[in-house]
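> File name work01.pdb; file contents PDB, C-alpha atoms and all ligand atoms; full text below.
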ATOM      1  CA  MET A 805     -45.425-109.329 125.064
ATOM      2  CA  GLU A 806     -46.987-106.031 125.996
ATOM      3  CA  GLY A 807     -49.859-104.259 124.295
ATOM      4  CA  ARG A 808     -51.975-105.861 121.622
ATOM      5  CA  GLN A 809     -52.964-109.496 121.878
ATOM      6  CA  GLU A 810     -51.626-111.228 118.786
ATOM      7  CA  PRO A 811     -54.090-113.409 116.907
ATOM      8  CA  GLN A 812     -53.482-117.165 116.987
ATOM      9  CA  VAL A 813     -53.473-117.276 113.233
ATOM     10  CA  LYS A 814     -51.770-114.311 111.658
ATOM     11  CA  ILE A 815     -52.363-113.501 108.026
ATOM     12  CA  VAL A 816     -49.039-112.472 106.485
ATOM     13  CA  LEU A 817     -48.657-110.655 103.161
ATOM     14  CA  ALA A 818     -45.158-110.747 101.650
ATOM     15  CA  ILE A 819     -44.833-107.858  99.181
ATOM     16  CA  GLN A 820     -41.887-108.066  96.790
ATOM     17  CA  ALA A 821     -40.623-106.483  93.595
ATOM     18  CA  HIS A 822     -39.566-109.719  91.898
ATOM     19  CA  PRO A 823     -40.223-113.414  92.289
ATOM     20  CA  ASP A 824     -37.438-114.673  94.624
ATOM     21  CA  ASP A 825     -36.910-111.483  96.709
ATOM     22  CA  VAL A 826     -38.770-112.857  99.718
ATOM     23  CA  ASP A 827     -37.610-116.448  99.342
ATOM     24  CA  PHE A 828     -33.905-115.564  99.136
ATOM     25  CA  SER A 829     -34.033-113.015 101.962
ATOM     26  CA  SER A 830     -36.711-114.373 104.263
ATOM     27  CA  GLY A 831     -37.728-117.890 103.197
ATOM     28  CA  GLY A 832     -36.795-119.348 106.575
ATOM     29  CA  THR A 833     -39.107-116.902 108.323
ATOM     30  CA  VAL A 834     -41.940-117.586 105.859
ATOM     31  CA  ALA A 835     -41.548-121.333 106.514
ATOM     32  CA  LYS A 836     -41.557-120.655 110.237
ATOM     33  CA  PHE A 837     -44.736-118.570 110.020
ATOM     34  CA  VAL A 838     -46.414-121.471 108.206
ATOM     35  CA  ARG A 839     -45.057-124.024 110.682
ATOM     36  CA  ASP A 840     -46.481-121.924 113.529
ATOM     37  CA  GLY A 841     -49.933-122.098 111.931
ATOM     38  CA  HIS A 842     -49.980-118.716 110.241
ATOM     39  CA  GLU A 843     -51.143-118.046 106.682
ATOM     40  CA  VAL A 844     -48.762-116.477 104.155
ATOM     41  CA  HIS A 845     -49.671-114.807 100.865
ATOM     42  CA  TYR A 846     -47.306-113.420  98.212
ATOM     43  CA  LEU A 847     -47.688-110.274  96.134
ATOM     44  CA  SER A 848     -45.111-109.658  93.381
ATOM     45  CA  ALA A 849     -45.223-106.256  91.692
ATOM     46  CA  THR A 850     -43.317-107.539  88.664
ATOM     47  CA  SER A 851     -42.796-111.020  87.318
ATOM     48  CA  GLY A 852     -39.057-110.480  86.977
ATOM     49  CA  ASP A 853     -39.215-110.368  83.194
ATOM     50  CA  LYS A 854     -35.767-108.799  82.800
ATOM     51  CA  GLY A 855     -33.997-111.299  85.034
ATOM     52  CA  THR A 856     -31.945-113.170  82.471
ATOM     53  CA  HIS A 857     -28.595-113.067  80.692
ATOM     54  CA  ASP A 858     -30.004-115.257  77.904
ATOM     55  CA  ARG A 859     -30.444-113.019  74.873
ATOM     56  CA  ALA A 860     -32.722-115.548  73.231
ATOM     57  CA  MET A 861     -35.216-115.478  76.105
ATOM     58  CA  PRO A 862     -38.297-113.336  75.344
ATOM     59  CA  PRO A 863     -39.657-111.414  78.359
ATOM     60  CA  GLU A 864     -43.108-112.979  77.949
ATOM     61  CA  ARG A 865     -41.631-116.452  78.294
ATOM     62  CA  LEU A 866     -39.537-115.370  81.262
ATOM     63  CA  THR A 867     -42.698-114.013  82.930
ATOM     64  CA  GLU A 868     -44.291-117.467  82.659
ATOM     65  CA  ILE A 869     -41.176-119.210  83.945
ATOM     66  CA  ARG A 870     -40.682-116.909  86.889
ATOM     67  CA  GLU A 871     -44.321-116.912  87.963
ATOM     68  CA  ALA A 872     -44.267-120.724  87.887
ATOM     69  CA  GLU A 873     -41.036-120.746  89.891
ATOM     70  CA  GLN A 874     -42.555-118.403  92.471
ATOM     71  CA  ARG A 875     -45.694-120.502  92.777
ATOM     72  CA  GLU A 876     -43.576-123.629  93.271
ATOM     73  CA  ALA A 877     -41.310-121.946  95.853
ATOM     74  CA  ALA A 878     -44.365-120.684  97.746
ATOM     75  CA  ARG A 879     -45.842-124.174  97.649
ATOM     76  CA  ARG A 880     -42.628-125.604  99.079
ATOM     77  CA  LEU A 881     -42.808-123.084 101.931
ATOM     78  CA  GLY A 882     -46.482-123.835 102.537
ATOM     79  CA  ALA A 883     -47.796-120.415 101.478
ATOM     80  CA  THR A 884     -51.460-120.006 100.607
ATOM     81  CA  SER A 885     -51.491-117.802  97.504
ATOM     82  CA  CYS A 886     -49.402-115.825  94.989
ATOM     83  CA  ARG A 887     -50.502-112.730  93.116
ATOM     84  CA  PHE A 888     -48.676-110.802  90.405
ATOM     85  CA  LEU A 889     -49.297-107.181  89.404
ATOM     86  CA  ARG A 890     -47.211-107.707  86.228
ATOM     87  CA  HIS A 891     -45.501-104.348  86.098
ATOM     88  CA  ASN A 892     -42.413-104.219  83.940
ATOM     89  CA  ASP A 893     -39.299-105.411  85.721
ATOM     90  CA  GLY A 894     -36.955-102.510  86.493
ATOM     91  CA  GLU A 895     -39.619 -99.865  85.991
ATOM     92  CA  LEU A 896     -41.400 -99.725  89.359
ATOM     93  CA  GLU A 897     -42.069 -96.236  90.616
ATOM     94  CA  PRO A 898     -43.543 -95.259  93.964
ATOM     95  CA  ASN A 899     -46.578 -93.560  92.475
ATOM     96  CA  LEU A 900     -50.246 -93.324  93.474
ATOM     97  CA  SER A 901     -51.244 -95.999  90.998
ATOM     98  CA  LEU A 902     -48.913 -98.692  92.399
ATOM     99  CA  ARG A 903     -49.844 -97.618  95.934
ATOM    100  CA  GLY A 904     -53.517 -98.088  95.067
ATOM    101  CA  GLU A 905     -52.943-101.547  93.596
ATOM    102  CA  ILE A 906     -51.153-102.701  96.735
ATOM    103  CA  CYS A 907     -53.784-101.005  98.918
ATOM    104  CA  ARG A 908     -56.472-103.034  97.162
ATOM    105  CA  VAL A 909     -54.646-106.314  97.844
ATOM    106  CA  ILE A 910     -54.199-105.352 101.515
ATOM    107  CA  ARG A 911     -57.937-104.659 101.726
ATOM    108  CA  GLU A 912     -58.670-108.031 100.115
ATOM    109  CA  ILE A 913     -56.243-110.192 102.088
ATOM    110  CA  ARG A 914     -56.430-108.165 105.335
ATOM    111  CA  PRO A 915     -52.987-109.106 106.677
ATOM    112  CA  TYR A 916     -51.977-108.681 110.309
ATOM    113  CA  THR A 917     -48.345-108.727 109.161
ATOM    114  CA  VAL A 918     -46.653-107.350 106.042
ATOM    115  CA  MET A 919     -43.133-108.294 104.933
ATOM    116  CA  THR A 920     -41.307-106.065 102.456
ATOM    117  CA  PHE A 921     -38.007-104.384 101.580
ATOM    118  CA  ASP A 922     -36.514-101.749 103.872
ATOM    119  CA  PRO A 923     -36.802 -98.734 101.529
ATOM    120  CA  TRP A 924     -34.382 -96.694 103.638
ATOM    121  CA  ARG A 925     -31.424 -98.986 103.281
ATOM    122  CA  PRO A 926     -28.567 -96.742 102.189
ATOM    123  CA  TYR A 927     -26.922 -97.464  98.871
ATOM    124  CA  GLN A 928     -29.752 -99.722  97.729
ATOM    125  CA  ILE A 929     -29.322 -99.232  94.020
ATOM    126  CA  HIS A 930     -32.093-101.438  92.613
ATOM    127  CA  PRO A 931     -34.935 -99.044  91.757
ATOM    128  CA  ASP A 932     -37.596-101.749  92.165
ATOM    129  CA  HIS A 933     -36.392-102.654  95.654
ATOM    130  CA  ARG A 934     -36.595 -99.036  96.756
ATOM    131  CA  ALA A 935     -39.940 -98.480  95.050
ATOM    132  CA  ILE A 936     -41.698-101.561  96.391
ATOM    133  CA  GLY A 937     -40.653-100.917  99.974
ATOM    134  CA  ILE A 938     -41.910 -97.357 100.020
ATOM    135  CA  SER A 939     -45.068 -98.213  98.046
ATOM    136  CA  ALA A 940     -45.962-101.069 100.387
ATOM    137  CA  LEU A 941     -45.615 -98.823 103.431
ATOM    138  CA  ASP A 942     -47.607 -96.041 101.768
ATOM    139  CA  ALA A 943     -50.305 -98.598 100.869
ATOM    140  CA  ILE A 944     -50.521 -99.750 104.492
ATOM    141  CA  ILE A 945     -51.408 -96.192 105.495
ATOM    142  CA  ALA A 946     -53.892 -95.821 102.643
ATOM    143  CA  ALA A 947     -55.617 -99.153 103.345
ATOM    144  CA  ARG A 948     -56.662 -98.195 106.850
ATOM    145  CA  ASP A 949     -58.560 -94.972 106.085
ATOM    146  CA  HIS A 950     -61.783 -94.851 104.104
ATOM    147  CA  LEU A 951     -61.024 -91.653 102.191
ATOM    148  CA  PHE A 952     -57.987 -93.201 100.493
ATOM    149  CA  TYR A 953     -58.965 -94.945  97.262
ATOM    150  CA  PRO A 954     -62.673 -94.725  98.238
ATOM    151  CA  GLU A 955     -63.665 -96.295  94.914
ATOM    152  CA  GLN A 956     -62.268 -99.594  96.185
ATOM    153  CA  LEU A 957     -64.773 -99.632  99.027
ATOM    154  CA  THR A 958     -67.680 -99.873  96.632
ATOM    155  CA  ASP A 959     -66.404-103.272  95.480
ATOM    156  CA  GLY A 960     -67.358-104.972  98.742
ATOM    157  CA  LEU A 961     -63.949-104.211 100.254
ATOM    158  CA  ASP A 962     -63.491-102.513 103.584
ATOM    159  CA  ILE A 963     -60.637-100.636 105.189
ATOM    160  CA  ALA A 964     -57.895-102.860 106.648
ATOM    161  CA  ARG A 965     -55.338-102.282 109.379
ATOM    162  CA  VAL A 966     -51.875-103.854 109.315
ATOM    163  CA  HIS A 967     -50.316-104.276 112.763
ATOM    164  CA  GLU A 968     -46.710-105.174 112.089
ATOM    165  CA  VAL A 969     -44.178-104.889 109.270
ATOM    166  CA  TYR A 970     -41.069-107.005 108.866
ATOM    167  CA  LEU A 971     -38.588-105.064 106.728
ATOM    168  CA  PHE A 972     -35.998-107.317 105.133
ATOM    169  CA  GLY A 973     -32.666-106.173 103.758
ATOM    170  CA  ALA A 974     -32.793-103.825 106.750
ATOM    171  CA  ALA A 975     -30.187-101.156 107.359
ATOM    172  CA  GLU A 976     -30.699-101.388 111.116
ATOM    173  CA  PRO A 977     -32.205-104.759 112.007
ATOM    174  CA  ASP A 978     -33.667-105.162 115.477
ATOM    175  CA  THR A 979     -35.378-108.539 115.189
ATOM    176  CA  TRP A 980     -33.679-111.870 114.586
ATOM    177  CA  VAL A 981     -35.735-114.905 113.595
ATOM    178  CA  ASP A 982     -34.227-118.285 114.442
ATOM    179  CA  ILE A 983     -34.464-120.319 111.231
ATOM    180  CA  SER A 984     -32.460-123.317 112.420
ATOM    181  CA  ASP A 985     -35.523-125.558 111.953
ATOM    182  CA  THR A 986     -36.504-124.142 108.573
ATOM    183  CA  ILE A 987     -33.246-123.419 106.773
ATOM    184  CA  GLU A 988     -33.504-126.625 104.759
ATOM    185  CA  THR A 989     -37.044-125.720 103.710
ATOM    186  CA  LYS A 990     -35.708-122.308 102.681
ATOM    187  CA  ARG A 991     -32.966-123.981 100.653
ATOM    188  CA  TYR A 992     -35.523-126.231  98.953
ATOM    189  CA  ALA A 993     -37.802-123.274  98.153
ATOM    190  CA  ALA A 994     -34.935-121.112  96.861
ATOM    191  CA  ALA A 995     -33.960-123.945  94.517
ATOM    192  CA  ALA A 996     -37.334-123.554  92.776
ATOM    193  CA  HIS A 997     -36.066-120.264  91.305
ATOM    194  CA  ALA A 998     -33.951-122.238  88.851
ATOM    195  CA  SER A 999     -33.801-119.489  86.205
ATOM    196  CA  GLN A1000     -32.028-117.231  88.716
ATOM    197  CA  LEU A1001     -29.445-119.680  89.995
ATOM    198  CA  ARG A1002     -25.943-119.781  88.620
ATOM    199  CA  GLY A1003     -22.799-121.626  89.558
ATOM    200  CA  ASP A1004     -22.206-124.746  91.563
ATOM    201  CA  GLN A1005     -25.216-125.801  93.622
ATOM    202  CA  GLN A1006     -23.248-126.992  96.638
ATOM    203  CA  GLU A1007     -21.159-123.829  96.813
ATOM    204  CA  ARG A1008     -24.248-121.704  96.476
ATOM    205  CA  GLU A1009     -26.054-123.526  99.243
ATOM    206  CA  GLU A1010     -23.019-123.356 101.503
ATOM    207  CA  ARG A1011     -22.893-119.597 100.900
ATOM    208  CA  GLN A1012     -26.580-119.336 101.888
ATOM    209  CA  ARG A1013     -25.930-121.279 105.100
ATOM    210  CA  ALA A1014     -22.822-119.209 105.868
ATOM    211  CA  ARG A1015     -24.840-116.023 105.498
ATOM    212  CA  ALA A1016     -27.566-117.292 107.856
ATOM    213  CA  ARG A1017     -24.863-118.431 110.312
ATOM    214  CA  ALA A1018     -23.198-115.010 110.231
ATOM    215  CA  ILE A1019     -26.535-113.272 110.883
ATOM    216  CA  GLY A1020     -27.364-115.646 113.755
ATOM    217  CA  GLU A1021     -23.986-115.869 115.423
ATOM    218  CA  PRO A1022     -23.992-112.580 117.384
ATOM    219  CA  ARG A1023     -27.418-113.570 118.742
ATOM    220  CA  GLY A1024     -26.381-117.093 119.717
ATOM    221  CA  LEU A1025     -28.494-118.643 116.950
ATOM    222  CA  ALA A1026     -27.242-121.326 114.586
ATOM    223  CA  TYR A1027     -29.062-119.784 111.605
ATOM    224  CA  ALA A1028     -31.109-116.587 111.461
ATOM    225  CA  GLU A1029     -32.740-113.949 109.299
ATOM    226  CA  ALA A1030     -32.777-110.328 110.462
ATOM    227  CA  PHE A1031     -35.452-107.664 110.116
ATOM    228  CA  LYS A1032     -36.410-104.203 111.209
ATOM    229  CA  LEU A1033     -39.782-104.718 112.883
ATOM    230  CA  LEU A1034     -42.314-101.887 112.813
ATOM    231  CA  ARG A1035     -45.251-102.208 115.192
ATOM    232  CA  LEU A1036     -48.222-100.120 114.101
ATOM    233  CA  SER A1037     -51.076 -99.118 116.356
TER     234      SER A1037
HETATM  235 ZN    ZN B   1     -35.412-108.283  93.423
END
Kindly transcribe the structure held in the file into structure tokens.
Ligand SMILES: [Zn+2]

Amino acid sequence: MEGRQEPQVKIVLAIQAHPDDVDFSSGGTVAKFVRDGHEVHYLSATSGDKGTHDRAMPPERLTEIREAEQREAARRLGATSCRFLRHNDGELEPNLSLRGEICRVIREIRPYTVMTFDPWRPYQIHPDHRAIGISALDAIIAARDHLFYPEQLTDGLDIARVHEVYLFGAAEPDTWVDISDTIETKRYAAAAHASQLRGDQQEREERQRARARAIGEPRGLAYAEAFKLLRLS
């Protein structure tokens, strides 16, 4: 690989709108990062407190359930930590406040790699998926310069530079990760999000495998996940 020498242990920060976004889209890649000796952290902007069809389920209870599910899924993938900003599900906006909250976490965790939604995917109708992608990218820029959110730097934090971004749900993927060795770990982690799973388990899992097969096939891979990779100087 040309250019920058990659560190032996990369710190990876997976930034998502809801518990399950990363695990369903990119769990095989997260498991692979961990298997390769890297360290993965999760940041969820909401706790998915509107993600139910059960009219008897209060949002506060759903918050507890979904945070526990995310912690368990992350444990199954071997991730190091999970954080939750606890914004209301469905109400994320790409504003300076959310950008600052994510910037602070980047300055704390100091990731080499960030994973998040591709905010430019056309016809992406979920407002949170659009908002988190753009906010995460904006926060990456803010985190690296001392005049952005300078009040954070008085808390013992310093500026932080992210070197690569894996955009999932990408409109124009250019990077395929072979998840043939981790697809079963992904399946196991996805199953932790029990409140979000409907229908027959076997059918669902076969659909997940078929999707990973379809993504991998043109690249000669048995199972894959696809990303748009941004390399930042
Ligand atoms: Zn989501």
> Given the PyMOL selection byres (((not hetatm)) within 10 of (chain B and resi 1)) and the file above, list the residues it selects as a PyMOL selection string.
chain A and resi 820-826+828-829+848+850-852+855+893-894+921+930-934+936
> Quick one: residues within 12 Å of Ile945 in chain A, all atoms listed in the file, excluding same-chain residues fewer than 2 positions away - as a ChimeraX atom specification?
/A:903-904,906-908,910-911,938-943,947-953,963-967,969,1036-1037
> For Gln812 in chain A, which of A:Glu871, A:Ala998, A:Tyr916, A:Gly831 is the closest residue, counting all atoms listed in the file?
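Among A:Glu871, A:Ala998, A:Tyr916, A:Gly831, it is A:Tyr916 that comes nearest to Gln812 in chain A.
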> Quick one, how far is CA of Val816 in chain A from CA of His842 in chain A?
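If I compute the distance from CA of Val816 in chain A to CA of His842 in chain A, I get 7.3 Å.
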> Draw an axis-aligned box over all listed atoms of range 892-895 of chain A, pad each side with 8 Å, and write its centre and edge lengths in Å, one decimal, as lines of an AutoDock Vina configuration file.

center_x = -39.7
center_y = -102.6
center_z = 85.2
size_x = 21.5
size_y = 21.5
size_z = 18.6
> Find, counting all atoms listed in the file, the residue in A:Asp840, A:Glu1007, A:Asp959, A:Asp853 that gets nearest to Gly882 in chain A.
A:Asp840
> Could you check which residues have any atom within 9 Å of (-31.9, -119.7, 104.7), counting all atoms listed in the file with coordinates taken straight from the file, and then list them as JSON, numbers by chain?
{"A": [827, 828, 829, 830, 831, 832, 833, 983, 984, 986, 987, 988, 989, 990, 991, 994, 1009, 1012, 1013, 1015, 1016, 1027, 1028, 1029]}
